[in-house]
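One file, start32.cif, is given below (mmCIF, C-alpha atoms).
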```cif
data_data
loop_
_atom_site.label_atom_id
_atom_site.label_comp_id
_atom_site.auth_asym_id
_atom_site.auth_seq_id
_atom_site.Cartn_x
_atom_site.Cartn_y
_atom_site.Cartn_z
CA MET A 30 -8.86 29.92 -7.17
CA THR A 31 -5.73 30.73 -5.21
CA LYS A 32 -3.31 28.07 -4.11
CA GLU A 33 -4.30 28.69 -0.48
CA GLU A 34 -7.99 28.15 -1.27
CA LEU A 35 -7.10 25.00 -3.14
CA ILE A 36 -5.02 23.63 -0.25
CA SER A 37 -7.81 24.41 2.18
CA LYS A 38 -10.36 22.53 0.02
CA LEU A 39 -7.92 19.64 -0.29
CA LYS A 40 -7.48 19.58 3.47
CA THR A 41 -11.24 19.26 3.94
CA ILE A 42 -11.29 16.37 1.47
CA ILE A 43 -8.48 14.37 3.08
CA THR A 44 -9.44 14.94 6.73
CA PRO A 45 -11.88 12.00 7.07
CA TYR A 46 -9.19 9.58 5.82
CA VAL A 47 -6.34 10.84 8.02
CA GLU A 48 -5.27 8.37 10.73
CA ASN A 49 -2.67 10.64 12.27
CA LYS A 50 -5.00 13.49 13.25
CA ASP A 51 -2.19 15.26 15.14
CA ALA A 52 -0.44 15.91 11.84
CA LEU A 53 -3.47 17.78 10.46
CA GLY A 54 -2.47 20.90 12.32
CA ASP A 55 0.82 21.39 10.51
CA ILE A 56 0.02 20.58 6.93
CA THR A 57 2.43 22.10 4.45
CA GLU A 58 2.91 21.58 0.72
CA GLU A 59 5.49 18.90 1.53
CA THR A 60 3.05 16.82 3.60
CA ASP A 61 2.96 13.22 2.44
CA PHE A 62 -0.45 11.51 2.57
CA ILE A 63 0.85 8.09 3.60
CA LYS A 64 4.06 8.87 5.47
CA ASP A 65 2.90 11.92 7.44
CA LEU A 66 -0.88 11.67 7.60
CA GLU A 67 -1.01 7.86 7.63
CA ILE A 68 -3.85 7.72 5.15
CA ASN A 69 -4.55 4.08 4.34
CA SER A 70 -3.40 3.35 0.80
CA ALA A 71 -6.82 1.98 -0.18
CA ASN A 72 -8.33 5.32 0.89
CA LEU A 73 -6.14 7.27 -1.54
CA VAL A 74 -8.63 6.19 -4.21
CA ASP A 75 -11.34 7.94 -2.22
CA VAL A 76 -9.21 11.08 -2.06
CA VAL A 77 -8.81 10.93 -5.85
CA LEU A 78 -12.56 10.40 -6.38
CA ASP A 79 -13.46 13.20 -3.93
CA VAL A 80 -11.07 15.56 -5.71
CA GLU A 81 -12.70 14.67 -9.04
CA ASP A 82 -16.17 15.42 -7.61
CA GLU A 83 -15.18 18.62 -5.81
CA PHE A 84 -13.33 20.20 -8.73
CA GLY A 85 -15.26 18.62 -11.62
CA ILE A 86 -12.08 17.21 -13.14
CA GLU A 87 -10.95 13.78 -14.26
CA ILE A 88 -7.82 12.33 -12.76
CA ASP A 89 -6.28 9.82 -15.13
CA ASN A 90 -3.84 7.06 -14.20
CA ASP A 91 -0.75 9.14 -14.93
CA ALA A 92 -1.93 11.90 -12.62
CA MET A 93 -3.15 9.53 -9.93
CA GLU A 94 0.21 7.83 -9.55
CA LYS A 95 1.72 11.14 -8.41
CA MET A 96 -1.02 12.09 -5.93
CA LEU A 97 0.91 11.26 -2.78
CA THR A 98 1.58 14.73 -1.41
CA ILE A 99 -0.24 18.04 -1.03
CA LYS A 100 2.17 19.66 -3.48
CA ALA A 101 1.68 17.07 -6.22
CA SER A 102 -2.10 17.12 -5.77
CA VAL A 103 -2.26 20.90 -6.01
CA ALA A 104 -0.18 20.83 -9.20
CA ILE A 105 -2.46 18.19 -10.72
CA ILE A 106 -5.67 20.03 -9.82
CA GLN A 107 -4.29 23.33 -11.16
CA ASP A 108 -3.21 21.61 -14.33
CA LYS A 109 -6.61 19.96 -14.92
CA LEU A 110 -8.52 23.16 -14.10
CA ALA A 111 -6.46 25.13 -16.61
CA ILE A 112 -7.66 23.04 -19.56
CA MET B 15 12.86 -10.11 -3.40
CA ILE B 16 9.84 -10.37 -1.17
CA GLY B 17 6.81 -8.34 -0.04
CA ASN B 18 3.73 -8.91 2.06
CA ASP B 19 0.44 -7.22 2.82
CA ILE B 20 -2.30 -7.82 5.35
CA VAL B 21 -5.89 -6.58 5.24
CA ASP B 22 -8.05 -6.52 8.35
CA LEU B 23 -11.38 -7.40 6.74
CA ARG B 24 -13.52 -5.87 9.45
CA LEU B 25 -11.65 -2.56 9.25
CA ALA B 26 -11.60 -2.62 5.44
CA ALA B 27 -15.40 -2.92 5.42
CA ILE B 28 -15.62 0.26 7.52
CA GLN B 29 -12.80 2.20 5.84
CA SER B 30 -13.61 1.59 2.20
CA ASP B 31 -16.80 1.52 0.20
CA TRP B 32 -15.53 -0.34 -2.87
CA ARG B 33 -19.00 -0.20 -4.40
CA ARG B 34 -18.66 3.55 -4.68
CA SER B 35 -18.91 4.69 -8.30
CA GLY B 36 -15.48 4.74 -9.96
CA TRP B 37 -13.65 3.05 -7.08
CA LEU B 38 -12.99 -0.32 -8.71
CA GLN B 39 -12.13 1.28 -12.06
CA LYS B 40 -9.30 3.30 -10.53
CA ILE B 41 -7.60 0.23 -9.07
CA PHE B 42 -8.53 -2.83 -11.09
CA THR B 43 -8.28 -3.84 -14.73
CA LEU B 44 -11.38 -4.96 -16.59
CA GLN B 45 -10.45 -8.63 -16.12
CA GLU B 46 -9.90 -8.11 -12.41
CA ARG B 47 -13.26 -6.36 -12.09
CA GLU B 48 -14.91 -9.31 -13.77
CA ARG B 49 -13.20 -11.62 -11.31
CA ILE B 50 -14.63 -9.51 -8.49
CA ILE B 51 -18.21 -9.22 -9.69
CA THR B 52 -18.46 -12.91 -10.58
CA ALA B 53 -16.91 -14.06 -7.30
CA ILE B 54 -19.03 -15.86 -4.74
CA TYR B 55 -17.67 -13.47 -2.10
CA PRO B 56 -16.93 -10.20 -3.94
CA ASP B 57 -15.69 -8.43 -0.77
CA GLN B 58 -13.13 -11.14 -0.22
CA MET B 59 -12.02 -10.97 -3.85
CA VAL B 60 -11.61 -7.18 -3.75
CA TRP B 61 -9.24 -7.43 -0.80
CA LYS B 62 -7.46 -10.49 -2.08
CA LEU B 63 -6.58 -8.77 -5.36
CA TRP B 64 -5.74 -5.56 -3.49
CA SER B 65 -3.37 -7.36 -1.12
CA MET B 66 -1.72 -9.13 -4.09
CA LYS B 67 -1.09 -5.76 -5.73
CA GLU B 68 0.21 -4.23 -2.50
CA ALA B 69 2.51 -7.14 -1.65
CA VAL B 70 3.99 -7.08 -5.16
CA TYR B 71 4.29 -3.28 -5.07
CA LYS B 72 6.42 -3.60 -1.91
CA ALA B 73 8.66 -6.32 -3.40
CA HIS B 74 9.03 -4.39 -6.65
CA GLN B 75 9.81 -1.06 -4.94
CA ARG B 76 12.46 -2.72 -2.80
CA ARG B 77 13.93 -4.60 -5.74
CA PHE B 78 14.45 -1.53 -7.90
CA PHE B 79 14.75 1.12 -5.22
CA LEU B 80 11.75 2.97 -6.61
CA LYS B 81 10.21 6.16 -5.35
CA PRO B 82 6.67 5.86 -3.95
CA LYS B 83 4.06 5.82 -6.66
CA TYR B 84 0.31 5.25 -6.56
CA ASN B 85 -0.31 3.01 -9.52
CA PRO B 86 -2.29 -0.03 -8.35
CA ARG B 87 -3.84 -0.57 -11.77
CA ASP B 88 -0.41 -1.15 -13.34
CA TYR B 89 -0.07 -4.26 -11.18
CA VAL B 90 -2.02 -6.85 -13.10
CA CYS B 91 -3.30 -9.97 -11.34
CA LEU B 92 -3.53 -13.18 -13.35
CA ASP B 93 -4.50 -16.15 -11.21
CA ASP B 94 -1.90 -16.00 -8.45
CA MET B 95 0.65 -14.13 -10.48
CA VAL B 96 1.06 -10.38 -10.74
CA THR B 97 2.85 -8.57 -13.51
CA ILE B 98 4.24 -5.06 -13.45
CA ASP B 99 5.80 -3.73 -16.62
CA SER B 100 7.71 -6.79 -17.86
CA TYR B 101 8.25 -8.37 -14.43
CA VAL B 102 6.37 -11.31 -12.99
CA TYR B 103 5.81 -12.02 -9.30
CA HIS B 104 4.33 -15.08 -7.62
CA THR B 105 1.93 -14.68 -4.75
CA GLN B 106 0.43 -16.84 -2.00
CA THR B 107 -2.67 -15.58 -0.28
CA GLU B 108 -4.15 -16.81 2.96
CA VAL B 109 -7.82 -15.96 3.29
CA SER B 110 -9.30 -16.26 6.75
CA LYS B 111 -12.51 -15.01 8.27
CA ASN B 112 -10.84 -11.91 9.72
CA TYR B 113 -7.90 -11.15 7.49
CA ILE B 114 -6.32 -11.63 4.09
CA HIS B 115 -2.55 -11.96 3.92
CA THR B 116 -0.51 -12.11 0.72
CA ILE B 117 3.18 -12.90 0.28
CA ALA B 118 4.77 -11.97 -3.04
CA GLN B 119 8.11 -13.20 -4.38
CA ALA B 120 10.11 -12.56 -7.49
CA ILE B 121 11.70 -16.01 -7.20
CA PRO B 122 9.10 -18.41 -5.80
CA THR B 123 11.62 -21.15 -4.93
CA ARG B 124 13.28 -19.00 -2.23
CA LYS B 125 12.40 -20.14 1.26
CA PHE B 126 10.83 -17.67 3.62
CA ARG B 127 9.46 -17.36 7.11
CA SER B 128 6.28 -15.47 7.83
CA GLN B 129 4.28 -14.75 10.95
CA ILE B 130 1.00 -13.00 11.63
CA SER B 131 0.06 -11.53 14.97
CA MET B 132 -3.00 -9.87 16.36
CA THR B 133 -1.51 -6.72 17.78
CA LYS B 134 -1.53 -3.03 17.10
CA GLN B 135 0.83 -1.28 14.69
CA VAL B 136 4.57 -1.00 15.50
CA ALA B 137 4.38 -4.62 16.63
CA ALA B 138 5.17 -5.95 13.16
CA ARG B 139 8.71 -4.80 13.84
CA SER B 140 8.80 -6.35 17.31
CA ILE B 141 7.65 -9.75 16.13
CA LEU B 142 10.32 -9.67 13.43
CA LEU B 143 12.88 -8.63 16.06
CA SER B 144 11.95 -11.53 18.32
CA TYR B 145 12.13 -13.92 15.40
CA LEU B 146 15.63 -12.69 14.53
CA TYR B 147 16.57 -12.95 18.21
CA THR B 148 15.71 -16.66 18.18
CA LYS B 149 18.11 -16.97 15.25
CA GLY B 150 20.86 -15.36 17.33
CA ILE B 151 20.64 -12.07 15.47
CA THR B 152 20.58 -9.24 17.98
CA ASP B 153 21.51 -5.55 18.26
CA ILE B 154 19.46 -4.53 15.29
CA THR B 155 17.69 -1.34 14.45
CA PHE B 156 15.28 -0.44 11.69
CA VAL B 157 15.90 2.51 9.43
CA LYS B 158 14.11 3.78 6.38
CA ASN B 159 16.16 4.44 3.30
CA GLU B 160 15.81 7.48 1.05
CA VAL B 161 12.83 6.02 -0.78
CA ASN B 162 11.10 5.16 2.51
CA ILE B 163 11.74 1.42 2.41
CA PRO B 164 12.60 -0.13 5.81
CA CYS B 165 16.05 -1.72 6.18
CA ILE B 166 17.76 -3.58 9.03
CA MET B 167 20.98 -2.17 10.52
CA ARG B 168 23.44 -3.99 12.76
CA ASN B 169 26.47 -2.21 14.21
CA ASN B 170 25.75 0.69 11.88
CA LYS B 171 25.93 -1.56 8.87
CA LYS B 172 23.01 -2.36 6.63
CA ILE B 173 22.35 -6.10 6.53
CA ASP B 174 21.06 -7.49 3.33
CA PHE B 175 17.92 -9.18 4.67
CA GLN B 176 15.03 -9.37 2.29
CA PHE B 177 11.99 -8.73 4.42
CA SER B 178 8.71 -6.88 4.51
CA ILE B 179 6.44 -5.80 7.33
CA THR B 180 2.77 -4.89 7.20
CA HIS B 181 -0.04 -3.90 9.52
CA HIS B 182 -3.69 -3.03 9.18
CA GLY B 183 -6.21 -2.68 11.98
CA ALA B 184 -5.83 -5.52 14.46
CA PHE B 185 -3.22 -7.43 12.46
CA SER B 186 0.50 -7.28 11.87
CA ALA B 187 2.71 -9.58 9.83
CA PHE B 188 6.21 -9.96 8.51
CA VAL B 189 7.93 -12.10 5.94
CA ILE B 190 11.66 -12.66 5.66
CA GLU B 191 13.62 -14.68 3.12
CA SER B 192 15.85 -17.24 4.82
#
```
Do you think you could lay out the structure here as C-alpha cells?
Amino acid sequence: MTKEELISKLKTIITPYVENKDALGDITEETDFIKDLEINSANLVDVVLDVEDEFGIEIDNDAMEKMLTIKASVAIIQDKLAI
Amino acid sequence: MIGNDIVDLRLAAIQSDWRRSGWLQKIFTLQERERIITAIYPDQMVWKLWSMKEAVYKAHQRRFFLKPKYNPRDYVCLDDMVTIDSYVYHTQTEVSKNYIHTIAQAIPTRKFRSQISMTKQVAARSILLSYLYTKGITDITFVKNEVNIPCIMRNNKKIDFQFSITHHGAFSAFVIES
C-alpha cells in the first residue's frame, strides 16, 4: 500500500469524528487531529479502534500515545503492517 | 498546578459508544474498568473517570511543559486521586444531571476559583476574562505556547497565572489558582 493510499484510508476513518469539517479539505501529513481537526479527545480511541479494524493490526499503548497527527499515524500503521 | 475538564453528558452519549469492544480497555486500567461495571450508573462513572484523567493530564502537561501525548491509561484513578508516573494529583468532581466537571490540583491546599457556564466554545476564555476584569486585571490576551498550552499575556509579558479552560458541547468552564 502506498503512503497516499494509506492517508486516504485514514482520512475516511477520521472524517466522522472531525468537528472542524472545513479543515478536511487541506489535510497534510502535518495535520493534528485535536488542534487542526478538533477531534474530541475521547473520539481518538475510536480512531485507534477503527484503524485496528481497517488494517488488521494491534495498536499498543506506546503506539497509541503518538497517534495525534496524520504523519505519526501513517508511521505507526506502516510499522505494524511491516511485521 | 491546576487543570479542569468538563463533559457534556448528553453530547458524550451521542459522540462516544463506550460499550464498543476494546474502548474501555484502551483508556482504563483493570481496576478502573471494575469501578465502571460495578457502578450504579456506569455512564456517569465512565465520564467521571475520563474527566479526572483529562483534568490531571492538563495540570501535568502545564507543570512539566510536556508535548501532547495520548496516554489516558497511564493516568491511574484511585478514589479521587490520580497518579501519573510518580506524581500524585488530587481531584474534585461535580456530577450533575447534564455535565461532569473535574478540577485537578498538584497541591490541594491552594485556593482556586472556578466557574461553569452554559455557552458555546470560545466562551470559556471570555468568562475567565470577565472574572479577571472584576479583579482589576485588564488588557490581557491569550496565547498558546510551543507545546500548545494556553497562557495569559499582559503588555506583552507572560503572567504566571495557573489556570485551565475547558469546553464540551453546551458547557464551558475555567479554573484559576488565586
If you measure from CA of Thr98 (chain A) to CA of Ala137 (chain B), what distance in Å do you get, rounded to one decimal?
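Taking CA of Thr98 (chain A) as the start and CA of Ala137 (chain B) as the end point, the length is 26.6 Å.
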Could you make a table, as a tab-separated table, of the residues of chain B that have an atom within 9 Å of an atom of chain A, each with its nearest atom pair and distance in Å to one decimal, counting all atoms listed in the file, in chain and number order?
```
residue	atom	partner	partner_atom	distance
B:Ala26	CA	A:Ala71	CA	8.7
B:Gln29	CA	A:Asn72	CA	7.4
B:Ser30	CA	A:Asn72	CA	6.6
B:Asp31	CA	A:Asp75	CA	8.8
B:Arg34	CA	A:Asp75	CA	8.9
B:Ser35	CA	A:Leu78	CA	8.8
B:Gly36	CA	A:Leu78	CA	7.3
B:Trp37	CA	A:Val74	CA	6.6
B:Lys40	CA	A:Val74	CA	7.0
B:Ile41	CA	A:Val74	CA	7.8
B:Trp64	CA	A:Ala71	CA	8.3
B:Pro82	CA	A:Leu97	CA	8.0
B:Lys83	CA	A:Glu94	CA	5.2
B:Tyr84	CA	A:Glu94	CA	4.0
B:Asn85	CA	A:Glu94	CA	4.8
B:Pro86	CA	A:Glu94	CA	8.3
B:Arg87	CA	A:Asn90	CA	8.0
B:Asp88	CA	A:Asn90	CA	8.9
B:Asn162	CA	A:Lys64	CA	8.5
B:His182	CA	A:Asn69	CA	8.6
```
Enclosing box along x, y and z for every listed atom of region 79-93 of chain A, padded 5 Å each side, centre and size in Å, one decimal, as lines of an AutoDock Vina configuration file:
```
center_x = -8.5
center_y = 13.6
center_z = -9.5
size_x = 25.4
size_y = 23.1
size_z = 21.2
```
Residue nearest Leu92 (chain B) - candidates B:Ser192, B:Thr133, B:Asn112, B:Thr105, atoms counted: only C-alpha atoms
B:Thr105
Record the distance separating CA of Phe185 (chain B) and CA of Ile141 (chain B), expressed in Å with one decimal.
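Straight-line distance from CA of Phe185 (chain B) to CA of Ile141 (chain B) works out to 11.7 Å.
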Given the file shown, enumerate the residues that the PyMOL selection byres ((chain B and resi 129) around 9) captures and present them as a ChimeraX atom specification.
/B:127-128,130-131,141-142,186-189
Those same residues, written as a CSV table (one decimal), in the coordinates of the input with C-alpha atoms?
```csv
chain,number,residue,atom,x,y,z
B,127,ARG,CA,9.5,-17.4,7.1
B,128,SER,CA,6.3,-15.5,7.8
B,130,ILE,CA,1.0,-13.0,11.6
B,131,SER,CA,0.1,-11.5,15.0
B,141,ILE,CA,7.6,-9.8,16.1
B,142,LEU,CA,10.3,-9.7,13.4
B,186,SER,CA,0.5,-7.3,11.9
B,187,ALA,CA,2.7,-9.6,9.8
B,188,PHE,CA,6.2,-10.0,8.5
B,189,VAL,CA,7.9,-12.1,5.9
```
Please expand the PyMOL selection byres ((chain A and resi 80) around 12) into the concrete residues it hits in this file, giving the result as number ranges by chain.
A: 35-36, 38-43, 73-79, 81-88, 93, 96, 102-103, 105-107, 109-110
Could you work out how far CA of Leu25 (chain B) lies from CA of Ile114 (chain B), giving the answer in Å with one decimal?
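It comes out at 11.7 Å.
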Run through the PyMOL selection byres ((chain B and resi 93) around 12) on the given coordinates and return the selected residues as a count of residues only.
19
N, CA and C atoms restored at region 67-98 of chain B, emitted as a compact mmCIF listing (two decimals), in the coordinates of the input:
```txt
# COMPACT_ATOMS: atom_id res chain seq x y z
N LYS B 67 -1.72 -6.93 -5.10
CA LYS B 67 -1.09 -5.76 -5.73
C LYS B 67 -0.14 -5.06 -4.75
N GLU B 68 -0.60 -4.91 -3.51
CA GLU B 68 0.21 -4.23 -2.50
C GLU B 68 1.49 -5.00 -2.15
N ALA B 69 1.34 -6.32 -2.00
CA ALA B 69 2.51 -7.14 -1.65
C ALA B 69 3.54 -7.09 -2.78
N VAL B 70 3.07 -7.13 -4.01
CA VAL B 70 3.99 -7.08 -5.16
C VAL B 70 4.58 -5.68 -5.29
N TYR B 71 3.78 -4.66 -5.04
CA TYR B 71 4.29 -3.28 -5.07
C TYR B 71 5.50 -3.16 -4.12
N LYS B 72 5.35 -3.71 -2.90
CA LYS B 72 6.42 -3.60 -1.91
C LYS B 72 7.68 -4.33 -2.39
N ALA B 73 7.50 -5.54 -2.91
CA ALA B 73 8.66 -6.32 -3.40
C ALA B 73 9.33 -5.59 -4.56
N HIS B 74 8.52 -5.06 -5.45
CA HIS B 74 9.03 -4.39 -6.65
C HIS B 74 9.76 -3.09 -6.29
N GLN B 75 9.19 -2.32 -5.38
CA GLN B 75 9.81 -1.06 -4.94
C GLN B 75 11.19 -1.34 -4.34
N ARG B 76 11.22 -2.37 -3.48
CA ARG B 76 12.46 -2.72 -2.80
C ARG B 76 13.51 -3.23 -3.80
N ARG B 77 13.03 -4.01 -4.75
CA ARG B 77 13.93 -4.60 -5.74
C ARG B 77 14.64 -3.53 -6.58
N PHE B 78 13.88 -2.53 -7.00
CA PHE B 78 14.45 -1.53 -7.90
C PHE B 78 14.64 -0.16 -7.26
N PHE B 79 14.46 -0.12 -5.92
CA PHE B 79 14.75 1.12 -5.22
C PHE B 79 13.89 2.27 -5.75
N LEU B 80 12.61 1.99 -5.94
CA LEU B 80 11.75 2.97 -6.61
C LEU B 80 11.14 3.96 -5.64
N LYS B 81 10.90 5.14 -6.14
CA LYS B 81 10.21 6.16 -5.35
C LYS B 81 8.74 5.77 -5.21
N PRO B 82 8.09 6.18 -4.11
CA PRO B 82 6.67 5.86 -3.95
C PRO B 82 5.83 6.34 -5.14
N LYS B 83 4.89 5.54 -5.50
CA LYS B 83 4.06 5.82 -6.66
C LYS B 83 2.70 5.18 -6.39
N TYR B 84 1.62 5.84 -6.80
CA TYR B 84 0.31 5.25 -6.56
C TYR B 84 -0.28 4.75 -7.87
N ASN B 85 0.11 3.54 -8.22
CA ASN B 85 -0.31 3.01 -9.52
C ASN B 85 -0.84 1.58 -9.43
N PRO B 86 -1.82 1.34 -8.54
CA PRO B 86 -2.29 -0.03 -8.35
C PRO B 86 -2.77 -0.71 -9.64
N ARG B 87 -3.30 0.08 -10.57
CA ARG B 87 -3.84 -0.57 -11.77
C ARG B 87 -2.75 -1.12 -12.69
N ASP B 88 -1.52 -0.63 -12.52
CA ASP B 88 -0.41 -1.15 -13.34
C ASP B 88 0.02 -2.54 -12.90
N TYR B 89 -0.38 -2.92 -11.68
CA TYR B 89 -0.07 -4.26 -11.18
C TYR B 89 -1.22 -5.18 -11.57
N VAL B 90 -0.95 -6.07 -12.52
CA VAL B 90 -2.02 -6.85 -13.10
C VAL B 90 -2.04 -8.27 -12.54
N CYS B 91 -3.17 -8.64 -11.94
CA CYS B 91 -3.30 -9.97 -11.34
C CYS B 91 -3.82 -10.97 -12.38
N LEU B 92 -3.11 -12.08 -12.49
CA LEU B 92 -3.53 -13.18 -13.35
C LEU B 92 -3.41 -14.44 -12.53
N ASP B 93 -4.52 -15.06 -12.20
CA ASP B 93 -4.50 -16.15 -11.21
C ASP B 93 -3.73 -15.68 -9.99
N ASP B 94 -2.66 -16.42 -9.63
CA ASP B 94 -1.90 -16.00 -8.45
C ASP B 94 -0.62 -15.27 -8.82
N MET B 95 -0.52 -14.88 -10.06
CA MET B 95 0.65 -14.13 -10.48
C MET B 95 0.29 -12.66 -10.68
N VAL B 96 1.28 -11.80 -10.52
CA VAL B 96 1.06 -10.38 -10.74
C VAL B 96 2.18 -9.87 -11.63
N THR B 97 1.81 -9.14 -12.67
CA THR B 97 2.85 -8.57 -13.51
C THR B 97 2.86 -7.05 -13.35
N ILE B 98 4.08 -6.52 -13.44
CA ILE B 98 4.24 -5.06 -13.45
C ILE B 98 5.30 -4.79 -14.51
```
